[in-house]
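model25.txt, holding compact mmCIF, C-alpha atoms and all ligand atoms:
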```txt
# COMPACT_ATOMS: atom_id res chain seq x y z
CA MET A 1 27.07 -57.45 -4.85
CA SER A 2 23.68 -59.06 -4.16
CA GLY A 3 21.71 -60.67 -6.98
CA GLY A 4 18.50 -59.56 -5.25
CA SER A 5 16.82 -60.73 -2.06
CA VAL A 6 15.19 -64.12 -1.60
CA LEU A 7 12.39 -64.61 0.95
CA ILE A 8 12.33 -68.11 2.44
CA VAL A 9 9.13 -68.90 4.32
CA GLY A 10 9.46 -71.96 6.57
CA ALA A 11 13.22 -71.35 6.69
CA THR A 12 13.72 -73.55 9.77
CA SER A 13 12.79 -76.65 7.77
CA PRO A 14 16.01 -78.59 7.11
CA MET A 15 15.55 -78.62 3.33
CA ALA A 16 14.74 -74.87 3.32
CA ARG A 17 17.89 -74.02 5.27
CA TYR A 18 20.04 -75.84 2.70
CA ALA A 19 18.13 -74.07 -0.06
CA ALA A 20 18.97 -70.78 1.72
CA GLU A 21 22.64 -71.76 1.76
CA GLU A 22 22.55 -72.40 -1.99
CA PHE A 23 20.87 -69.03 -2.68
CA GLY A 24 23.55 -67.40 -0.50
CA ARG A 25 26.27 -69.17 -2.46
CA ARG A 26 24.76 -67.68 -5.60
CA GLY A 27 25.02 -64.16 -4.15
CA HIS A 28 21.45 -63.51 -2.95
CA ASP A 29 20.66 -61.64 0.25
CA LEU A 30 18.22 -63.59 2.39
CA VAL A 31 15.09 -62.89 4.41
CA LEU A 32 14.23 -65.91 6.56
CA ALA A 33 10.72 -66.40 7.97
CA ALA A 34 9.13 -68.91 10.38
CA ARG A 35 7.61 -68.93 13.88
CA ASP A 36 10.68 -70.01 15.83
CA THR A 37 12.61 -66.74 16.00
CA GLU A 38 15.46 -68.14 18.14
CA GLU A 39 16.16 -70.87 15.64
CA LEU A 40 15.90 -68.30 12.82
CA SER A 41 18.55 -66.12 14.54
CA ARG A 42 20.92 -69.07 14.91
CA LEU A 43 20.41 -69.97 11.26
CA ALA A 44 20.93 -66.39 10.12
CA SER A 45 24.25 -66.04 12.04
CA ASP A 46 25.49 -69.26 10.49
CA LEU A 47 24.51 -68.17 6.97
CA ARG A 48 26.09 -64.72 7.40
CA ILE A 49 29.39 -66.35 8.33
CA ARG A 50 29.22 -68.81 5.43
CA THR A 51 28.11 -66.38 2.72
CA GLY A 52 29.10 -62.87 3.88
CA LEU A 53 25.71 -61.66 2.65
CA SER A 54 22.89 -59.81 4.37
CA VAL A 55 20.59 -62.28 6.18
CA ARG A 56 17.53 -60.91 7.96
CA THR A 57 14.86 -62.74 9.93
CA VAL A 58 11.18 -62.06 10.33
CA MET A 59 8.52 -63.84 12.37
CA PHE A 60 5.74 -65.44 10.28
CA ASN A 61 2.74 -67.40 11.50
CA ALA A 62 0.79 -69.14 8.74
CA ASP A 63 -2.16 -69.55 11.12
CA ASP A 64 -2.90 -65.82 10.86
CA GLU A 65 -4.35 -65.89 7.33
CA GLN A 66 -5.94 -62.45 7.57
CA GLY A 67 -2.62 -60.83 8.49
CA ILE A 68 -0.74 -62.21 5.48
CA PRO A 69 -1.35 -59.40 2.91
CA GLY A 70 -0.14 -56.78 5.44
CA TRP A 71 2.84 -58.98 6.35
CA VAL A 72 3.80 -59.33 2.66
CA ASN A 73 3.53 -55.58 2.22
CA GLU A 74 5.89 -54.90 5.14
CA VAL A 75 8.43 -57.53 4.09
CA TRP A 76 8.36 -56.37 0.46
CA GLU A 77 9.07 -52.76 1.48
CA SER A 78 11.80 -53.77 3.95
CA ALA A 79 14.19 -55.25 1.37
CA GLY A 80 14.68 -55.59 -2.35
CA PRO A 81 15.10 -55.57 -5.21
CA TRP A 82 13.57 -59.02 -4.97
CA ALA A 83 14.85 -62.09 -6.80
CA GLY A 84 12.01 -64.27 -5.53
CA MET A 85 10.61 -66.43 -2.76
CA VAL A 86 10.34 -70.01 -1.52
CA TYR A 87 7.32 -71.38 0.40
CA ALA A 88 8.45 -74.43 2.39
CA ILE A 89 5.93 -74.54 5.26
CA GLY A 90 4.17 -77.85 5.70
CA ASP A 91 2.30 -79.79 8.34
CA MET A 92 1.08 -83.36 7.92
CA GLY A 93 -1.15 -83.33 10.99
CA ASP A 94 -2.35 -86.49 12.72
CA GLN A 95 -4.68 -88.32 10.35
CA LEU A 96 -6.39 -90.35 13.11
CA GLN A 97 -7.09 -87.27 15.22
CA MET A 98 -8.45 -85.42 12.18
CA GLU A 99 -10.75 -88.32 11.32
CA ASN A 100 -12.22 -88.09 14.83
CA GLU A 101 -12.37 -84.28 14.82
CA PRO A 102 -12.35 -83.06 11.19
CA THR A 103 -12.13 -79.36 12.09
CA LEU A 104 -8.54 -80.09 13.21
CA GLY A 105 -7.89 -80.48 9.49
CA LEU A 106 -8.34 -76.74 9.05
CA THR A 107 -4.85 -76.20 10.47
CA VAL A 108 -3.40 -78.60 7.92
CA PHE A 109 -5.35 -76.94 5.08
CA ARG A 110 -4.15 -73.52 6.22
CA ARG A 111 -0.45 -74.32 6.64
CA ASN A 112 -0.15 -76.34 3.42
CA TYR A 113 -2.61 -74.55 1.17
CA THR A 114 -4.75 -71.53 2.01
CA SER A 115 -2.08 -69.41 3.71
CA ALA A 116 0.40 -70.46 1.05
CA ALA A 117 -2.01 -69.33 -1.67
CA ILE A 118 -2.57 -65.93 -0.03
CA LEU A 119 1.16 -65.39 0.47
CA MET A 120 2.32 -66.59 -2.97
CA GLY A 121 -0.53 -64.72 -4.66
CA SER A 122 0.35 -61.42 -2.90
CA PHE A 123 4.08 -61.79 -3.49
CA GLY A 124 3.56 -62.97 -7.08
CA MET A 125 1.58 -59.86 -8.05
CA ARG A 126 4.41 -57.69 -6.74
CA LEU A 127 7.02 -59.67 -8.67
CA ALA A 128 4.84 -59.31 -11.78
CA ALA A 129 4.77 -55.52 -11.34
CA GLN A 130 8.56 -55.61 -10.97
CA GLY A 131 8.74 -57.67 -14.21
CA SER A 132 10.95 -60.51 -12.97
CA GLY A 133 11.46 -63.09 -10.25
CA PHE A 134 10.61 -66.58 -9.15
CA ILE A 135 8.25 -68.38 -6.79
CA VAL A 136 9.31 -71.84 -5.63
CA GLY A 137 6.63 -73.76 -3.75
CA VAL A 138 7.33 -77.00 -1.88
CA GLY A 139 4.39 -79.33 -2.38
CA SER A 140 4.53 -83.12 -2.10
CA VAL A 141 3.98 -86.33 -4.03
CA ALA A 142 1.15 -86.77 -1.50
CA GLY A 143 -0.81 -84.19 -3.51
CA ASP A 144 -0.71 -86.28 -6.69
CA ARG A 145 -3.35 -88.76 -5.50
CA GLY A 146 -5.61 -88.94 -2.48
CA ARG A 147 -4.53 -91.86 -0.29
CA ARG A 148 -6.37 -93.43 2.65
CA LYS A 149 -3.39 -92.82 4.98
CA ASN A 150 -3.00 -89.06 4.52
CA TYR A 151 -5.91 -87.53 2.61
CA PHE A 152 -6.17 -84.38 4.77
CA TYR A 153 -2.52 -83.48 4.04
CA GLY A 154 -2.66 -84.85 0.48
CA SER A 155 -5.75 -82.84 -0.46
CA ALA A 156 -4.17 -79.65 0.89
CA LYS A 157 -1.05 -80.30 -1.20
CA ALA A 158 -3.26 -80.99 -4.24
CA GLY A 159 -4.89 -77.57 -3.75
CA PHE A 160 -1.42 -76.05 -3.36
CA HIS A 161 -0.29 -77.65 -6.65
CA ALA A 162 -3.38 -76.47 -8.53
CA PHE A 163 -2.99 -72.92 -7.18
CA MET A 164 0.63 -72.85 -8.31
CA GLN A 165 -0.33 -74.19 -11.72
CA GLY A 166 -2.80 -71.35 -12.19
CA LEU A 167 -0.38 -68.76 -10.81
CA ARG A 168 2.33 -70.02 -13.21
CA SER A 169 0.02 -69.48 -16.14
CA ARG A 170 -1.15 -66.09 -14.82
CA LEU A 171 2.42 -64.79 -14.39
CA VAL A 172 4.19 -66.37 -17.37
CA ASP A 173 3.98 -63.21 -19.50
CA SER A 174 5.21 -61.05 -16.61
CA GLY A 175 8.65 -62.66 -16.48
CA VAL A 176 7.91 -64.52 -13.23
CA HIS A 177 8.91 -68.19 -13.04
CA VAL A 178 6.67 -70.35 -10.83
CA VAL A 179 8.00 -73.81 -10.03
CA THR A 180 6.37 -76.56 -7.99
CA ILE A 181 8.63 -78.92 -6.06
CA LYS A 182 7.24 -82.38 -5.27
CA PRO A 183 9.52 -84.17 -2.83
CA GLY A 184 9.03 -87.84 -2.03
CA PHE A 185 10.11 -88.90 1.46
CA VAL A 186 12.79 -86.67 3.01
CA ASP A 187 14.70 -87.35 6.22
CA THR A 188 13.26 -84.58 8.46
CA ALA A 189 11.16 -84.25 11.63
CA MET A 190 8.04 -84.74 9.48
CA THR A 191 8.96 -88.34 8.63
CA PHE A 192 10.71 -89.21 11.90
CA GLY A 193 9.60 -92.65 13.11
CA MET A 194 7.42 -93.39 10.07
CA ASN A 195 7.42 -96.96 8.75
CA GLY A 196 7.67 -98.11 5.15
CA LEU A 197 9.79 -95.23 3.83
CA PHE A 198 11.80 -95.77 0.65
CA LEU A 199 13.92 -93.63 -1.70
CA VAL A 200 14.40 -91.22 1.23
CA GLY A 201 15.95 -87.89 0.19
CA ASP A 202 18.77 -86.18 2.09
CA PRO A 203 17.61 -82.67 3.16
CA ARG A 204 20.92 -81.13 2.03
CA GLU A 205 20.59 -82.48 -1.51
CA VAL A 206 16.83 -81.74 -1.64
CA GLY A 207 17.49 -78.17 -0.43
CA ARG A 208 20.11 -77.53 -3.09
CA ARG A 209 17.80 -78.82 -5.79
CA ILE A 210 14.96 -76.61 -4.50
CA ALA A 211 17.19 -73.53 -4.92
CA LYS A 212 18.53 -74.61 -8.32
CA ALA A 213 14.96 -75.09 -9.60
CA ALA A 214 14.45 -71.32 -9.29
CA PHE A 215 16.89 -70.79 -12.17
CA ARG A 216 15.84 -73.63 -14.47
CA PRO A 217 12.95 -73.60 -16.94
CA ARG A 218 11.13 -76.59 -15.37
CA ASP A 219 7.57 -76.14 -14.07
CA VAL A 220 7.34 -79.19 -11.79
CA VAL A 221 10.33 -80.91 -10.20
CA TYR A 222 10.15 -84.27 -8.39
CA ILE A 223 12.94 -84.89 -5.84
CA PRO A 224 14.47 -87.48 -5.90
CA GLY A 225 13.80 -87.75 -9.65
CA PRO A 226 12.42 -91.33 -9.78
CA TRP A 227 9.31 -90.11 -7.94
CA ARG A 228 8.12 -88.62 -11.25
CA TRP A 229 7.77 -92.14 -12.67
CA ILE A 230 6.46 -93.69 -9.44
CA MET A 231 3.70 -91.07 -9.27
CA LEU A 232 2.93 -91.47 -12.98
CA ILE A 233 2.17 -95.12 -12.28
CA ILE A 234 0.25 -94.37 -9.06
CA ARG A 235 -1.88 -91.68 -10.75
CA ASN A 236 -2.84 -94.14 -13.49
CA ILE A 237 -4.00 -97.01 -11.30
CA PRO A 238 -7.77 -97.33 -11.92
CA GLU A 239 -9.82 -96.01 -8.98
CA ARG A 240 -11.68 -99.32 -8.51
CA ILE A 241 -8.32 -101.00 -7.82
CA PHE A 242 -6.66 -98.06 -6.04
CA LYS A 243 -9.42 -97.67 -3.45
CA LYS A 244 -8.68 -101.19 -2.18
CA MET A 245 -4.92 -100.72 -2.01
CA SER A 246 -3.42 -100.05 1.42
CA ILE A 247 -0.84 -97.50 0.33
N1 LIG A 301 9.77 -84.53 5.01
C1 LIG A 301 9.17 -85.11 3.98
O1 LIG A 301 9.26 -86.34 3.78
C2 LIG A 301 8.40 -84.28 2.99
C3 LIG A 301 7.94 -84.91 1.84
C4 LIG A 301 7.24 -84.18 0.89
C5 LIG A 301 7.03 -82.84 1.09
N2 LIG A 301 7.47 -82.24 2.22
C6 LIG A 301 7.24 -80.80 2.37
O2 LIG A 301 8.47 -80.14 2.53
C7 LIG A 301 8.28 -78.94 3.29
C8 LIG A 301 9.26 -78.91 4.46
O3 LIG A 301 8.95 -80.00 5.30
P1 LIG A 301 9.94 -80.61 6.39
O4 LIG A 301 9.91 -82.07 6.24
O5 LIG A 301 11.25 -79.92 6.34
O6 LIG A 301 9.13 -80.27 7.70
P2 LIG A 301 9.55 -79.61 9.09
O7 LIG A 301 10.95 -79.92 9.43
O8 LIG A 301 8.45 -79.99 10.01
O9 LIG A 301 9.46 -78.04 8.76
C9 LIG A 301 8.24 -77.41 8.65
C10 LIG A 301 8.44 -75.91 8.49
O10 LIG A 301 7.16 -75.29 8.50
C11 LIG A 301 7.18 -74.23 9.46
N3 LIG A 301 5.85 -74.05 10.01
C12 LIG A 301 4.97 -75.00 10.42
N4 LIG A 301 3.83 -74.44 10.86
C13 LIG A 301 3.99 -73.10 10.70
C14 LIG A 301 3.15 -71.98 10.95
N5 LIG A 301 1.93 -72.11 11.48
N6 LIG A 301 3.62 -70.76 10.67
C15 LIG A 301 4.86 -70.58 10.17
N7 LIG A 301 5.71 -71.62 9.90
C16 LIG A 301 5.27 -72.85 10.17
C17 LIG A 301 8.21 -74.65 10.50
O11 LIG A 301 8.75 -73.53 11.13
P3 LIG A 301 8.54 -73.10 12.68
O12 LIG A 301 8.12 -74.31 13.43
O13 LIG A 301 9.86 -72.52 13.08
O14 LIG A 301 7.51 -72.05 12.58
C18 LIG A 301 9.27 -75.29 9.58
O15 LIG A 301 10.09 -74.28 9.04
C19 LIG A 301 6.80 -78.95 3.70
O16 LIG A 301 6.04 -78.20 2.80
C20 LIG A 301 6.42 -80.42 3.59
O17 LIG A 301 5.03 -80.58 3.40
C21 LIG A 301 8.16 -82.92 3.17
```

Entire entry expressed as structure tokens:
Amino acid sequence: MSGGSVLIVGATSPMARYAAEEFGRRGHDLVLAARDTEELSRLASDLRIRTGLSVRTVMFNADDEQGIPGWVNEVWESAGPWAGMVYAIGDMGDQLQMENEPTLGLTVFRRNYTSAAILMGSFGMRLAAQGSGFIVGVGSVAGDRGRRKNYFYGSAKAGFHAFMQGLRSRLVDSGVHVVTIKPGFVDTAMTFGMNGLFLVGDPREVGRRIAKAAFRPRDVVYIPGPWRWIMLIIRNIPERIFKKMSI
């Protein structure tokens, strides 16, 4: 018997697909969302075979902000009862291109922050009315401090973190658990070919920990764990020194 449905938005991300597998292992039916519907279908067939549970797919485009409340309404009515949701969409963008044409940054803001806020806010209010559930949002250590190399992406993730912090507080008395995941570097398409990576997470392990976080009473989870201490140090470097550091 299902323990309730889990919506995974950005399900074609490698870490999200392993999170989906973990939710399936725990007996949750799945609704997988992203733009690439062919890849979603392949993923769904695989998960059905592995888990024997109901796995549905639905097209979602984070670039259509205005359509999100209606989309949430349709998805909510199409399944349930709901255990919760995961937001895993992210886009780093090309920092150099965005510096030359800053309006290109709007896509990065939308995919990492504004569309996420609309979606998690709409879904969260429904979970609150239901009286239970979880929202797991995948942010990034990049949102912990603005850096010269990725401040478009980092500022969007910072907004995402702050939104989740407020939503957590808003929903705490409604029985809804809101947890922010802050991965460091993870071996996915997003980091392919990047130099200077260290403590690189395996998407399978990161995915499992994303799913497990839904059932644990932690508010913010760094993956791999040492990033909590690395970011504590980075956040505390005085600005007059930090602004001259090439990190
Ligand atoms: N990789 C890292 O080192 C790292 C580190 C820290 C945080 N993160 C975060 O982890 C999450 C997953 O990242 P990843 O590395 O697995 O990246 P990825 O492989 O590039 O996956 C990105 C996901 O976002 C979806 N997506 C992108 N634009 C979309 C849009 N307009 N509408 C709907 N879906 C869209 C993609 O699905 P479709 O293309 O199928 O639509 C895909 O599922 C992101 O939030 C990212 O910011 C990653």

Each residue of stretch 65-121 of chain A lying at most 12 Å from stretch 141-147 of chain A should get a row with its shortest atom-to-atom pair and the distance in Å to one decimal, counting only C-alpha atoms; could you produce that, ordered by chain and increasing number, as a Markdown table?
```
| residue | atom | partner | partner_atom | distance |
| --- | --- | --- | --- | --- |
| A:Gly90 | CA | A:Ala142 | CA | 11.9 |
| A:Met92 | CA | A:Ala142 | CA | 10.0 |
| A:Gln95 | CA | A:Arg147 | CA | 11.2 |
| A:Asn112 | CA | A:Gly143 | CA | 10.5 |
| A:Tyr113 | CA | A:Gly143 | CA | 10.9 |
```

Tell me, counting all atoms listed in the file, for each residue of chain A within 6 Å of ligand LIG 301 (chain A), which pair of atoms is nearest and how far apart they are in Å to one decimal, in rows ordered by chain and increasing number, as a tab-separated table.
```
residue	atom	partner	partner_atom	distance
A:Gly10	CA	A:LIG301	O15	3.4
A:Ala11	CA	A:LIG301	O15	4.9
A:Thr12	CA	A:LIG301	O15	3.8
A:Ser13	CA	A:LIG301	O9	3.7
A:Pro14	CA	A:LIG301	O5	5.0
A:Met15	CA	A:LIG301	O5	5.4
A:Ala34	CA	A:LIG301	O14	4.2
A:Arg35	CA	A:LIG301	O14	3.4
A:Asp36	CA	A:LIG301	O13	3.8
A:Phe60	CA	A:LIG301	C15	5.2
A:Asn61	CA	A:LIG301	N6	3.6
A:Ala62	CA	A:LIG301	N6	3.8
A:Asp63	CA	A:LIG301	N5	4.8
A:Ala88	CA	A:LIG301	O16	4.5
A:Ile89	CA	A:LIG301	O10	3.5
A:Gly90	CA	A:LIG301	O16	3.5
A:Asp91	CA	A:LIG301	O17	5.7
A:Arg111	CA	A:LIG301	N5	5.8
A:Val138	CA	A:LIG301	O16	5.0
A:Gly139	CA	A:LIG301	O16	5.6
A:Ser140	CA	A:LIG301	C5	4.1
A:Pro183	CA	A:LIG301	C4	4.4
A:Gly184	CA	A:LIG301	C3	5.0
A:Phe185	CA	A:LIG301	O1	3.6
A:Val186	CA	A:LIG301	O1	3.6
A:Asp187	CA	A:LIG301	N1	5.8
A:Thr188	CA	A:LIG301	O4	4.7
A:Ala189	CA	A:LIG301	O7	4.9
A:Met190	CA	A:LIG301	O4	4.6
A:Thr191	CA	A:LIG301	O1	5.3
```

Hey, can you check how far atom CA of A:Arg148 sits from atom CA of A:Gly193?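 It comes out at 19.1 Å.
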
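Across the model, the gap from atom CA of A:Trp71 to atom CA of A:Val58 is 9.7 Å.
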
Nearest to A:Tyr18, chosen from A:Val172, A:Arg204, A:Lys244, A:Thr57, with all atoms listed in the file counted in the distances: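 Once distances to A:Tyr18 are computed over all atoms listed in the file, the minimum belongs to A:Arg204.
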